[in-house]
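Enquirer: Here you go, run-v6.txt (compact mmCIF, C-alpha atoms):
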```
# COMPACT_ATOMS: atom_id res chain seq x y z
CA MET C 863 -28.59 87.84 -11.35
CA GLY C 864 -29.95 85.40 -13.91
CA ASN C 865 -33.33 87.12 -14.02
CA ARG C 866 -31.65 90.48 -14.57
CA ARG C 867 -29.68 89.14 -17.53
CA LEU C 868 -32.84 87.61 -18.97
CA ILE C 869 -34.69 90.92 -18.68
CA CYS C 870 -31.82 92.77 -20.40
CA ALA C 871 -31.76 90.24 -23.23
CA VAL C 872 -35.53 90.54 -23.76
CA PHE C 873 -35.27 94.33 -23.74
CA LEU C 874 -32.48 94.32 -26.35
CA PHE C 875 -34.46 91.92 -28.54
CA TRP C 876 -37.55 94.14 -28.31
CA CYS C 877 -35.49 97.21 -29.27
CA GLY C 878 -34.19 95.41 -32.33
CA VAL C 879 -37.67 94.30 -33.41
CA SER C 880 -39.16 97.78 -32.91
CA GLY C 881 -36.26 99.29 -34.85
CA THR C 882 -36.96 96.94 -37.74
CA VAL C 883 -40.66 97.77 -37.83
CA SER C 884 -40.30 101.53 -37.56
CA GLY C 885 -37.21 101.78 -39.76
CA ILE C 886 -34.90 103.01 -36.98
CA ALA C 887 -31.37 101.75 -36.46
CA PRO C 888 -31.08 101.73 -32.61
CA GLY C 889 -27.96 103.50 -31.43
CA ILE C 890 -26.72 104.19 -34.98
CA ALA C 891 -29.26 105.95 -37.17
CA PRO C 892 -30.02 109.50 -35.96
CA GLY C 893 -33.52 110.64 -35.11
CA ARG C 894 -35.95 110.55 -32.27
CA ILE C 895 -37.07 107.31 -30.73
CA GLY C 896 -40.32 106.28 -32.38
CA GLN C 897 -39.79 108.40 -35.49
CA ASP C 898 -40.85 106.64 -38.67
CA LEU C 899 -37.85 106.77 -40.99
CA SER C 900 -39.34 104.38 -43.52
CA ARG C 901 -41.36 107.18 -45.16
CA PRO C 902 -39.87 110.06 -47.18
CA VAL C 903 -39.87 113.45 -45.48
CA VAL C 904 -40.55 116.51 -47.67
CA ASP C 905 -39.30 119.40 -45.56
CA PHE C 906 -40.03 122.79 -47.15
CA GLU C 907 -38.63 124.63 -44.14
CA LYS C 908 -35.19 123.05 -44.54
CA GLN C 909 -35.57 122.88 -48.35
CA VAL C 910 -34.62 119.20 -48.53
CA LEU C 911 -36.16 115.79 -49.22
CA VAL C 912 -34.94 112.98 -46.94
CA VAL C 913 -35.44 109.31 -47.86
CA TRP C 914 -34.10 106.11 -46.36
CA GLY C 915 -33.06 102.98 -48.23
CA LEU C 916 -32.88 99.52 -46.73
CA GLY C 917 -30.46 96.75 -47.70
CA GLY C 918 -30.09 93.14 -46.67
CA THR C 919 -27.78 91.44 -44.21
CA PRO C 920 -24.25 91.00 -45.61
CA TRP C 921 -22.98 87.45 -45.36
CA GLU C 922 -19.39 88.34 -46.26
CA GLU C 923 -17.12 91.18 -45.22
CA SER C 924 -15.91 92.16 -48.71
CA SER C 925 -18.10 91.58 -51.76
CA SER C 926 -21.51 91.11 -50.19
CA TYR C 927 -21.10 94.22 -48.02
CA GLU C 928 -20.67 96.42 -51.10
CA GLU C 929 -23.60 94.70 -52.80
CA GLU C 930 -25.91 95.38 -49.87
CA LYS C 931 -24.77 99.02 -49.78
CA ALA C 932 -25.64 99.35 -53.47
CA ARG C 933 -29.00 97.68 -52.82
CA ALA C 934 -29.77 100.11 -49.99
CA TRP C 935 -28.80 103.06 -52.21
CA MET C 936 -31.01 101.78 -55.03
CA ASN C 937 -33.91 101.43 -52.62
CA ALA C 938 -33.40 105.03 -51.49
CA LEU C 939 -33.31 106.22 -55.12
CA HIS C 940 -36.63 104.50 -55.87
CA GLN C 941 -38.31 105.99 -52.82
CA GLY C 942 -36.86 109.41 -53.59
CA TYR C 943 -38.18 109.33 -57.15
CA GLU C 944 -41.68 108.43 -55.97
CA ALA C 945 -41.58 111.19 -53.37
CA ILE C 946 -40.45 113.80 -55.91
CA LEU C 947 -43.36 112.97 -58.22
CA GLY C 948 -45.81 113.99 -55.50
CA ILE C 949 -44.21 117.36 -54.72
CA PRO C 950 -46.29 120.33 -55.97
CA LEU C 951 -44.37 122.31 -58.58
CA MET C 952 -46.72 125.30 -58.70
CA GLU C 953 -50.44 126.00 -58.68
CA GLY C 954 -52.25 123.38 -60.76
CA LEU C 955 -49.08 121.45 -61.64
CA SER C 956 -47.16 118.73 -59.85
CA VAL C 957 -43.82 117.18 -60.73
CA ARG C 958 -45.60 114.07 -62.01
CA ASN C 959 -47.64 116.10 -64.51
CA ALA C 960 -44.58 118.12 -65.56
CA LEU C 961 -42.67 114.96 -66.44
CA GLN C 962 -45.58 113.77 -68.56
CA MET C 963 -45.57 117.00 -70.57
CA ASN C 964 -41.78 117.13 -71.00
CA SER C 965 -39.95 113.81 -71.04
CA ALA C 966 -36.55 115.57 -71.15
CA LEU C 967 -36.98 116.50 -67.49
CA LYS C 968 -36.63 112.83 -66.50
CA GLU C 969 -32.95 112.83 -67.42
CA ARG C 970 -32.34 116.00 -65.42
CA LEU C 971 -34.22 114.54 -62.47
CA GLY C 972 -32.15 111.35 -62.66
CA MET C 973 -28.96 113.41 -62.53
CA VAL C 974 -30.22 115.13 -59.37
CA LEU C 975 -30.95 111.78 -57.71
CA LEU C 976 -27.58 110.27 -58.61
CA SER C 977 -25.66 113.31 -57.40
CA ALA C 978 -27.59 113.68 -54.12
CA PRO C 979 -25.40 113.19 -51.02
CA LYS C 980 -25.83 109.79 -49.41
CA LYS C 981 -24.78 108.37 -46.09
CA PHE C 982 -24.56 104.71 -45.08
CA PHE C 983 -25.06 103.32 -41.61
CA GLU C 984 -23.47 100.19 -40.24
CA PRO C 985 -25.64 97.14 -39.56
CA ASP C 986 -27.50 97.38 -36.27
CA LEU C 987 -28.87 94.61 -34.07
CA THR C 988 -31.07 93.46 -36.92
CA GLY C 989 -28.07 93.22 -39.24
CA LEU C 990 -29.62 95.44 -41.96
CA LEU C 991 -27.82 98.22 -43.83
CA ARG C 992 -29.42 101.64 -44.20
CA CYS C 993 -28.78 104.48 -46.63
CA LYS C 994 -29.87 108.07 -46.01
CA LEU C 995 -30.37 110.19 -49.13
CA GLU C 996 -30.83 113.97 -48.93
CA ILE C 997 -32.13 115.64 -52.11
CA PRO C 998 -31.74 119.44 -51.93
CA PHE C 999 -34.28 121.90 -53.31
CA ASN C 1000 -31.64 124.56 -54.08
CA GLY C 1001 -28.16 124.43 -55.52
CA ALA C 1002 -26.33 123.93 -58.80
CA VAL C 1003 -27.80 120.41 -59.07
CA SER C 1004 -31.13 120.47 -57.27
CA LEU C 1005 -34.85 120.05 -57.84
CA ARG C 1006 -35.41 123.71 -58.74
CA SER C 1007 -32.51 123.82 -61.20
CA ALA C 1008 -33.78 120.66 -62.88
CA LEU C 1009 -37.49 121.49 -63.04
CA TYR C 1010 -37.62 125.27 -63.51
CA LEU C 1011 -38.28 124.93 -67.26
CA ALA C 1012 -41.61 123.26 -66.51
CA ALA C 1013 -42.63 126.21 -64.33
CA LEU C 1014 -42.00 128.66 -67.19
CA ARG C 1015 -44.63 127.01 -69.37
CA PRO C 1016 -48.04 128.68 -68.98
CA GLN C 1017 -51.02 126.47 -68.34
CA PRO C 1018 -53.95 126.48 -70.81
CA MET C 1019 -56.45 127.36 -68.06
CA GLU C 1020 -54.61 130.49 -66.92
CA PRO C 1021 -56.46 133.85 -67.21
CA LEU C 1022 -55.61 136.15 -70.11
CA PRO C 1023 -53.87 138.83 -68.01
CA LEU C 1024 -51.51 136.18 -66.67
CA LEU C 1025 -50.79 134.89 -70.18
CA ALA C 1026 -50.05 138.46 -71.20
CA SER C 1027 -47.52 138.85 -68.42
CA TRP C 1028 -45.51 135.84 -69.60
CA ALA C 1029 -44.41 137.79 -72.70
CA SER C 1030 -44.69 141.37 -71.46
CA LEU C 1031 -42.31 141.04 -68.53
CA PRO C 1032 -39.33 139.66 -70.52
CA SER C 1033 -39.89 142.10 -73.40
CA ALA C 1034 -39.98 145.07 -71.04
CA ALA C 1035 -36.80 143.95 -69.30
CA ALA C 1036 -34.99 143.38 -72.61
CA SER C 1037 -35.93 146.79 -74.02
CA GLY C 1038 -34.76 148.60 -70.88
CA ALA C 1039 -38.17 150.01 -70.00
CA THR C 1040 -38.61 151.81 -66.71
CA SER C 1041 -41.42 149.51 -65.66
CA THR C 1042 -41.48 145.74 -65.49
CA THR C 1043 -45.22 145.31 -65.23
CA PRO C 1044 -47.26 144.26 -68.26
CA SER C 1045 -49.60 147.21 -67.74
CA ALA C 1046 -46.83 149.76 -68.21
CA ALA C 1047 -44.95 147.78 -70.87
CA THR C 1048 -47.86 148.03 -73.30
CA SER C 1049 -49.68 151.21 -74.23
CA LYS C 1050 -53.16 149.80 -73.73
CA THR C 1051 -53.60 146.71 -71.60
CA VAL C 1052 -56.90 145.31 -70.48
CA LEU C 1053 -57.25 144.18 -66.89
CA ALA C 1054 -58.85 140.96 -65.72
CA GLY C 1055 -62.30 140.21 -67.06
CA THR C 1056 -62.34 142.85 -69.84
CA SER C 1057 -60.54 141.04 -72.66
CA THR C 1058 -61.73 138.37 -75.05
CA THR C 1059 -58.66 137.66 -77.17
CA ALA C 1060 -54.90 137.94 -76.75
CA SER C 1061 -52.44 139.16 -79.37
CA ALA C 1062 -49.49 137.19 -80.69
CA THR C 1063 -47.06 138.97 -78.36
CA GLY C 1064 -49.10 137.94 -75.35
CA SER C 1065 -50.64 141.35 -74.52
CA ALA C 1066 -54.41 141.61 -74.29
CA THR C 1067 -55.73 144.76 -76.01
CA ALA C 1068 -59.13 146.28 -76.68
CA SER C 1069 -60.39 149.27 -78.65
CA GLU C 1070 -62.12 150.99 -75.74
CA ALA C 1071 -59.57 150.22 -73.01
CA ALA C 1072 -58.86 153.07 -70.63
CA SER C 1073 -55.27 154.03 -70.05
CA PRO C 1074 -54.16 152.76 -66.63
CA ALA C 1075 -53.15 155.20 -63.95
CA THR C 1076 -49.48 154.93 -63.06
CA SER C 1077 -47.56 156.06 -60.02
CA THR C 1078 -43.84 156.81 -60.18
CA THR C 1079 -41.72 155.28 -57.43
CA ALA C 1080 -38.03 154.84 -56.79
CA SER C 1081 -38.12 151.54 -58.66
CA GLY C 1082 -40.10 152.74 -61.67
CA ALA C 1083 -43.73 153.10 -62.64
CA ILE C 1084 -46.39 150.57 -61.83
CA SER C 1085 -49.97 150.52 -63.05
CA THR C 1086 -52.69 150.21 -60.47
CA ALA C 1087 -56.10 150.54 -62.10
CA ALA C 1088 -57.85 152.09 -65.07
CA SER C 1089 -58.65 155.79 -64.58
CA THR C 1090 -62.39 156.37 -64.67
CA LYS C 1091 -64.35 159.43 -63.65
CA GLY C 1092 -66.03 159.23 -60.29
CA SER C 1093 -64.29 156.00 -59.35
CA THR C 1094 -63.57 156.07 -55.64
CA ALA C 1095 -62.59 152.41 -55.43
CA ALA C 1096 -59.58 152.91 -57.70
CA ALA C 1097 -58.44 155.91 -55.67
CA SER C 1098 -58.61 153.95 -52.44
CA ARG C 1099 -56.49 151.17 -53.95
CA ALA C 1100 -53.74 153.51 -55.17
CA PRO C 1101 -50.28 152.53 -53.88
CA THR C 1102 -49.03 154.45 -50.89
CA ALA C 1103 -45.57 155.98 -50.67
CA PHE C 1104 -42.85 153.95 -48.99
CA PRO C 1105 -39.46 155.17 -47.75
CA ASP C 1106 -36.56 154.91 -50.17
CA GLU C 1107 -34.79 152.43 -47.91
CA PHE C 1108 -37.36 149.82 -48.85
CA TYR C 1109 -36.24 149.91 -52.48
CA GLY C 1110 -32.54 149.82 -51.66
CA VAL C 1111 -30.44 147.88 -49.22
CA GLY C 1112 -32.49 148.88 -46.18
CA VAL C 1113 -34.93 145.96 -46.25
CA LYS C 1114 -33.50 142.46 -46.47
CA ARG C 1115 -36.56 140.34 -45.75
CA VAL C 1116 -40.20 140.57 -46.74
CA ILE C 1117 -42.62 138.57 -44.61
CA LEU C 1118 -46.03 137.40 -45.82
CA ASP C 1119 -48.28 136.17 -43.02
CA LEU C 1120 -50.60 133.58 -44.58
CA ARG C 1121 -51.66 131.83 -41.42
CA ARG C 1122 -55.33 130.93 -41.06
CA THR C 1123 -55.43 130.34 -44.80
CA ASN C 1124 -55.28 127.24 -46.96
CA PHE C 1125 -51.80 128.00 -48.30
CA GLU C 1126 -49.46 125.09 -49.06
CA PRO C 1127 -45.78 125.38 -50.04
CA SER C 1128 -44.55 124.51 -53.54
CA LEU C 1129 -41.28 124.65 -55.46
CA PHE C 1130 -42.20 127.75 -57.47
CA PRO C 1131 -44.93 129.85 -55.82
CA ARG C 1132 -46.19 132.81 -57.85
CA PHE C 1133 -47.07 136.31 -56.70
CA PHE C 1134 -49.75 138.29 -58.53
CA THR C 1135 -51.34 141.71 -58.44
CA GLU C 1136 -54.99 142.22 -57.62
CA GLU C 1137 -55.72 142.35 -61.36
CA GLY C 1138 -54.01 139.00 -62.00
CA TYR C 1139 -50.62 140.08 -63.40
CA LEU C 1140 -47.55 138.13 -62.46
CA LEU C 1141 -45.16 140.06 -60.23
CA TYR C 1142 -42.53 137.50 -59.28
CA GLN C 1143 -41.62 133.85 -59.63
CA GLU C 1144 -38.24 132.40 -58.74
CA ALA C 1145 -38.12 130.34 -61.93
CA ARG C 1146 -38.00 133.54 -64.01
CA THR C 1147 -34.79 134.91 -62.44
CA PRO C 1148 -32.51 135.78 -65.43
CA SER C 1149 -29.21 135.08 -63.69
CA PRO C 1150 -26.78 132.15 -63.80
CA ASP C 1151 -26.63 132.29 -60.00
CA ARG C 1152 -30.32 131.49 -59.60
CA PHE C 1153 -31.29 128.70 -57.22
CA SER C 1154 -27.93 129.03 -55.47
CA ARG C 1155 -29.88 129.70 -52.29
CA PRO C 1156 -33.60 129.72 -51.43
CA ALA C 1157 -35.04 133.10 -52.37
CA ILE C 1158 -38.40 132.07 -50.87
CA ARG C 1159 -38.48 130.37 -47.50
CA PHE C 1160 -41.38 128.77 -45.65
CA THR C 1161 -41.90 128.55 -41.92
CA GLN C 1162 -44.71 127.82 -39.48
CA ASP C 1163 -43.26 129.86 -36.62
CA ILE C 1164 -43.62 133.63 -36.83
CA ALA C 1165 -40.70 134.01 -34.41
CA GLN C 1166 -38.39 132.20 -36.84
CA ALA C 1167 -39.44 134.55 -39.64
CA THR C 1168 -37.90 137.55 -37.88
CA ASN C 1169 -34.90 135.72 -36.45
CA GLY C 1170 -31.47 137.22 -37.12
CA LEU C 1171 -32.53 140.66 -38.40
CA SER C 1172 -33.53 143.93 -36.82
CA GLU C 1173 -36.90 145.60 -37.25
CA SER C 1174 -35.50 148.06 -39.80
CA ASP C 1175 -34.44 145.18 -42.07
CA ILE C 1176 -37.88 143.53 -42.11
CA ARG C 1177 -41.02 144.57 -43.95
CA TYR C 1178 -44.48 143.01 -43.63
CA VAL C 1179 -46.50 142.93 -46.84
CA SER C 1180 -50.23 142.36 -46.92
CA ALA C 1181 -51.21 139.38 -49.07
CA ARG C 1182 -53.99 136.85 -49.52
CA LEU C 1183 -54.79 133.72 -51.49
CA PRO C 1184 -56.68 133.84 -54.78
CA LEU C 1185 -60.01 132.09 -54.99
CA LEU C 1186 -59.68 128.28 -55.13
CA ALA C 1187 -55.86 128.49 -55.00
CA GLN C 1188 -53.43 126.93 -52.53
CA HIS C 1189 -49.99 127.80 -53.90
CA ASP C 1190 -50.41 131.27 -55.46
CA VAL C 1191 -50.33 134.56 -53.56
CA LYS C 1192 -51.95 137.92 -54.33
CA ILE C 1193 -50.26 141.10 -53.13
CA SER C 1194 -52.52 143.95 -52.03
CA ALA C 1195 -52.78 146.88 -54.43
CA SER C 1196 -51.38 149.35 -51.91
CA GLU C 1197 -48.09 147.45 -51.68
CA GLN C 1198 -47.57 146.21 -55.23
CA SER C 1199 -44.96 148.85 -56.09
CA ALA C 1200 -42.91 148.14 -52.97
CA PHE C 1201 -43.04 144.38 -53.45
CA LEU C 1202 -42.11 144.69 -57.13
CA ALA C 1203 -39.13 146.89 -56.28
CA PHE C 1204 -37.92 144.37 -53.72
CA CYS C 1205 -38.24 141.53 -56.24
CA ARG C 1206 -36.23 143.49 -58.80
CA HIS C 1207 -33.34 143.76 -56.35
CA LEU C 1208 -33.81 140.09 -55.52
CA ASP C 1209 -33.46 139.16 -59.20
CA ALA C 1210 -30.44 141.42 -59.66
CA GLU C 1211 -28.55 139.83 -56.76
CA PRO C 1212 -29.66 136.19 -56.27
CA GLN C 1213 -26.78 135.56 -53.87
CA GLY C 1214 -27.53 138.62 -51.75
CA GLN C 1215 -29.17 138.71 -48.35
CA ARG C 1216 -32.70 139.47 -49.55
CA GLU C 1217 -35.39 136.84 -49.23
CA ILE C 1218 -39.15 136.36 -49.03
CA VAL C 1219 -40.48 134.47 -46.02
CA ILE C 1220 -43.99 132.99 -46.06
CA VAL C 1221 -45.52 132.08 -42.71
CA TYR C 1222 -48.21 129.43 -43.13
CA ASP C 1223 -50.19 127.04 -41.00
CA SER C 1224 -50.30 123.31 -41.71
CA ARG C 1225 -53.34 122.58 -39.56
CA ALA C 1226 -56.31 121.12 -41.38
CA PHE C 1227 -59.32 123.41 -41.47
CA LEU C 1228 -62.68 122.07 -40.44
CA GLY C 1229 -65.36 122.02 -43.08
CA GLY C 1230 -68.75 120.61 -43.78
CA ILE C 1231 -71.85 120.80 -41.60
CA LEU C 1232 -71.58 122.87 -38.43
CA PRO C 1233 -72.13 120.98 -35.15
CA LYS C 1234 -75.55 121.16 -33.57
CA ALA C 1235 -75.87 123.81 -30.88
CA THR C 1236 -76.45 122.48 -27.38
CA ALA C 1237 -77.40 124.04 -24.06
CA PRO C 1238 -74.48 125.30 -21.92
CA ALA C 1239 -73.30 123.05 -19.14
CA GLY C 1240 -75.22 123.67 -15.93
CA GLY C 1241 -77.73 125.96 -17.61
CA LYS C 1242 -81.41 125.57 -18.25
CA PRO C 1243 -82.47 124.39 -21.69
CA ALA C 1244 -83.96 127.02 -23.92
CA LYS C 1245 -87.75 127.18 -23.89
CA ILE C 1246 -89.44 126.38 -27.15
CA GLN C 1247 -92.18 128.90 -27.78
CA ALA C 1248 -95.45 127.37 -28.88
CA PRO C 1249 -96.78 128.47 -32.25
CA PRO C 1250 -99.52 131.13 -32.08
CA LYS C 1251 -103.09 129.87 -32.15
CA ARG C 1252 -105.32 130.70 -35.04
CA ARG C 1253 -108.16 133.06 -34.39
CA LYS C 1254 -111.66 131.75 -34.85
CA ARG C 1255 -113.80 133.64 -37.26
```
Have the structure of the file written as structure tokens, please.
Expert:
Amino acid sequence: MGNRRLICAVFLFWCGVSGTVSGIAPGIAPGRIGQDLSRPVVDFEKQVLVVWGLGGTPWEESSSYEEEKARAWMNALHQGYEAILGIPLMEGLSVRNALQMNSALKERLGMVLLSAPKKFFEPDLTGLLRCKLEIPFNGAVSLRSALYLAALRPQPMEPLPLLASWASLPSAAASGATSTTPSAATSKTVLAGTSTTASATGSATASEAASPATSTTASGAISTAASTKGSTAAASRAPTAFPDEFYGVGVKRVILDLRRTNFEPSLFPRFFTEEGYLLYQEARTPSPDRFSRPAIRFTQDIAQATNGLSESDIRYVSARLPLLAQHDVKISASEQSAFLAFCRHLDAEPQGQREIVIVYDSRAFLGGILPKATAPAGGKPAKIQAPPKRRKR
């Protein structure tokens, strides 16, 4: 009996020590056994940032207990701030760089941290207090609502067609034009690689620019490519006709399968045409109800992407990553009109049921030198043919 009690005491002591090292409160703090709760967890699938704060051991039941709770909360706030700085905001811009360019965002970010829901856990066997802080990505007071102004600022290294779309899209929407693309908003717009300067309004023009060919759809007109004689490539990239249900309430979810690519989630991913024009970004939604729910979701399971909806409510759109990009997405030319129409309905009703789901893969891709080829197991090694002998003259 004595040996059994000794074994139980040693086991309980070991559980307490392992809980202290790994940051787990045994029997109190939720989570799997062996899960490291001492590090912040940036979960783009659940759209939340989870951090844990650690306090000391209270020596009194009244005053010191509240002090240790405040110390644990302060520790969680510090870890949450450091974790937010490393989150990618968009392509080529992180939250850390955005705060350096605009110091006013620090106050908004501090308000998000102070208003984040927190949960305290009672002291465990180690006697330490823990505080769990969950910082949401969406909501009235969230990361997207606090940092969306930084995503609206164009970067100096962006291509000229993208810089043109920053001003062309809002001007076309304000004037009530039938098209929301920069190619149709301006009379003559140069595509990627054909312009040298940009005008003051943000549209790139040239004297010998060909008028782009437009196709009328249920959502408006969208430009595809410049009309040139004998050009078969432009004809093959012309948008195909889609059923009218795709532009209305028929389709509620658009799925982009970006597995086997180097895509990484960010707070404000951007969607471009093949020519480099901006089609959609959640930060540009002109509605007070924006960021009330995630308009763009990320998942690593293709089965979860289609969960809850029928096949008639789902549409797969062909997309790819631009060269040397990890957070931007390019929509294929044959589906630009359909994707743009869906995004227009998404902007008109931010609290509706429409959403964009991106399926990605978080596995690291192998790179570098290829492994040396070897002979198959159980097979004979390949014979090395001797070099031919030189003929004697």
Enquirer: Restricting the calculation to only C-alpha atoms: of C:Tyr927, C:Phe1133, C:Tyr943, C:Phe906, which residue gets closest to C:Ile1193?
Expert: C:Phe1133
Enquirer: Would you compute an axis-aligned box for stretch 1154-1168 of chain C, covering every atom listed for it in the file with 8 Å of margin on each side, and report centre and edge lengths in Å to one decimal as AutoDock Vina command-line options?
Expert:
```
--center_x -36.3 --center_y 132.7 --center_z -44.9 --size_x 32.8 --size_y 25.7 --size_z 37.1
```
Enquirer: I'd like the interatomic distance between atom CA of C:Ala1013 and atom CA of C:Ala1195, to a tenth of an Å.
Expert: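 Pair atom CA of C:Ala1013 / atom CA of C:Ala1195 returns 25.1 Å.
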Enquirer: Quick one, how far is atom CA of C:Ile1117 from atom CA of C:Val1179?
Expert: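 These two atoms are separated by 6.2 Å.
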Enquirer: List the neighbours of C:Arg1159 out to 7 Å using all atoms listed in the file; skip same-chain residues closer than 4 positions along the sequence, and give me the result as a list in words.
Expert: Glu907, Ile1218, Val1219 and Ile1220 of chain C
Enquirer: Would you please work out which residue, of C:Lys968, C:Arg1146, C:Arg1182, C:His1189, is nearest to C:Glu953 when using all atoms listed in the file?
Expert: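 So, comparing all the options, the nearest one is C:His1189.
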Enquirer: Since the input has fewer atoms than a full residue there, write stretch 978-999 of chain C out with N, CA and C atoms, as a compact mmCIF listing (two decimals), in the coordinates of the input.
Expert:
```txt
# COMPACT_ATOMS: atom_id res chain seq x y z
N ALA C 978 -27.18 113.30 -55.48
CA ALA C 978 -27.59 113.68 -54.12
C ALA C 978 -26.65 113.05 -53.10
N PRO C 979 -26.30 113.77 -52.04
CA PRO C 979 -25.40 113.19 -51.02
C PRO C 979 -26.08 112.04 -50.28
N LYS C 980 -25.32 110.99 -50.09
CA LYS C 980 -25.83 109.79 -49.41
C LYS C 980 -24.93 109.44 -48.24
N LYS C 981 -25.51 108.75 -47.29
CA LYS C 981 -24.78 108.37 -46.09
C LYS C 981 -25.24 106.98 -45.68
N PHE C 982 -24.27 106.09 -45.46
CA PHE C 982 -24.56 104.71 -45.08
C PHE C 982 -24.34 104.53 -43.59
N PHE C 983 -25.15 103.64 -43.02
CA PHE C 983 -25.06 103.32 -41.61
C PHE C 983 -24.73 101.84 -41.45
N GLU C 984 -23.90 101.56 -40.48
CA GLU C 984 -23.47 100.19 -40.24
C GLU C 984 -24.65 99.33 -39.79
N PRO C 985 -24.55 98.02 -40.00
CA PRO C 985 -25.64 97.14 -39.56
C PRO C 985 -25.88 97.24 -38.06
N ASP C 986 -27.14 97.28 -37.67
CA ASP C 986 -27.50 97.38 -36.27
C ASP C 986 -27.76 95.99 -35.71
N LEU C 987 -28.57 95.91 -34.67
CA LEU C 987 -28.87 94.61 -34.07
C LEU C 987 -29.62 93.69 -35.02
N THR C 988 -30.36 94.27 -35.93
CA THR C 988 -31.07 93.46 -36.92
C THR C 988 -30.17 92.99 -38.04
N GLY C 989 -28.99 93.61 -38.19
CA GLY C 989 -28.07 93.22 -39.24
C GLY C 989 -28.37 93.81 -40.60
N LEU C 990 -29.24 94.84 -40.68
CA LEU C 990 -29.62 95.44 -41.96
C LEU C 990 -28.85 96.74 -42.18
N LEU C 991 -28.49 96.98 -43.43
CA LEU C 991 -27.82 98.22 -43.83
C LEU C 991 -28.85 99.28 -44.18
N ARG C 992 -28.53 100.53 -43.89
CA ARG C 992 -29.42 101.64 -44.20
C ARG C 992 -28.65 102.72 -44.92
N CYS C 993 -29.36 103.39 -45.84
CA CYS C 993 -28.78 104.48 -46.63
C CYS C 993 -29.69 105.69 -46.52
N LYS C 994 -29.13 106.82 -46.12
CA LYS C 994 -29.87 108.07 -46.01
C LYS C 994 -29.52 108.95 -47.19
N LEU C 995 -30.55 109.38 -47.93
CA LEU C 995 -30.37 110.19 -49.13
C LEU C 995 -31.05 111.54 -48.91
N GLU C 996 -30.31 112.62 -49.08
CA GLU C 996 -30.83 113.97 -48.93
C GLU C 996 -30.81 114.67 -50.28
N ILE C 997 -31.99 115.00 -50.80
CA ILE C 997 -32.13 115.64 -52.11
C ILE C 997 -32.43 117.12 -51.87
N PRO C 998 -31.53 118.02 -52.22
CA PRO C 998 -31.74 119.44 -51.93
C PRO C 998 -32.71 120.08 -52.91
N PHE C 999 -33.40 121.12 -52.45
CA PHE C 999 -34.28 121.90 -53.31
C PHE C 999 -33.53 122.99 -54.05
```
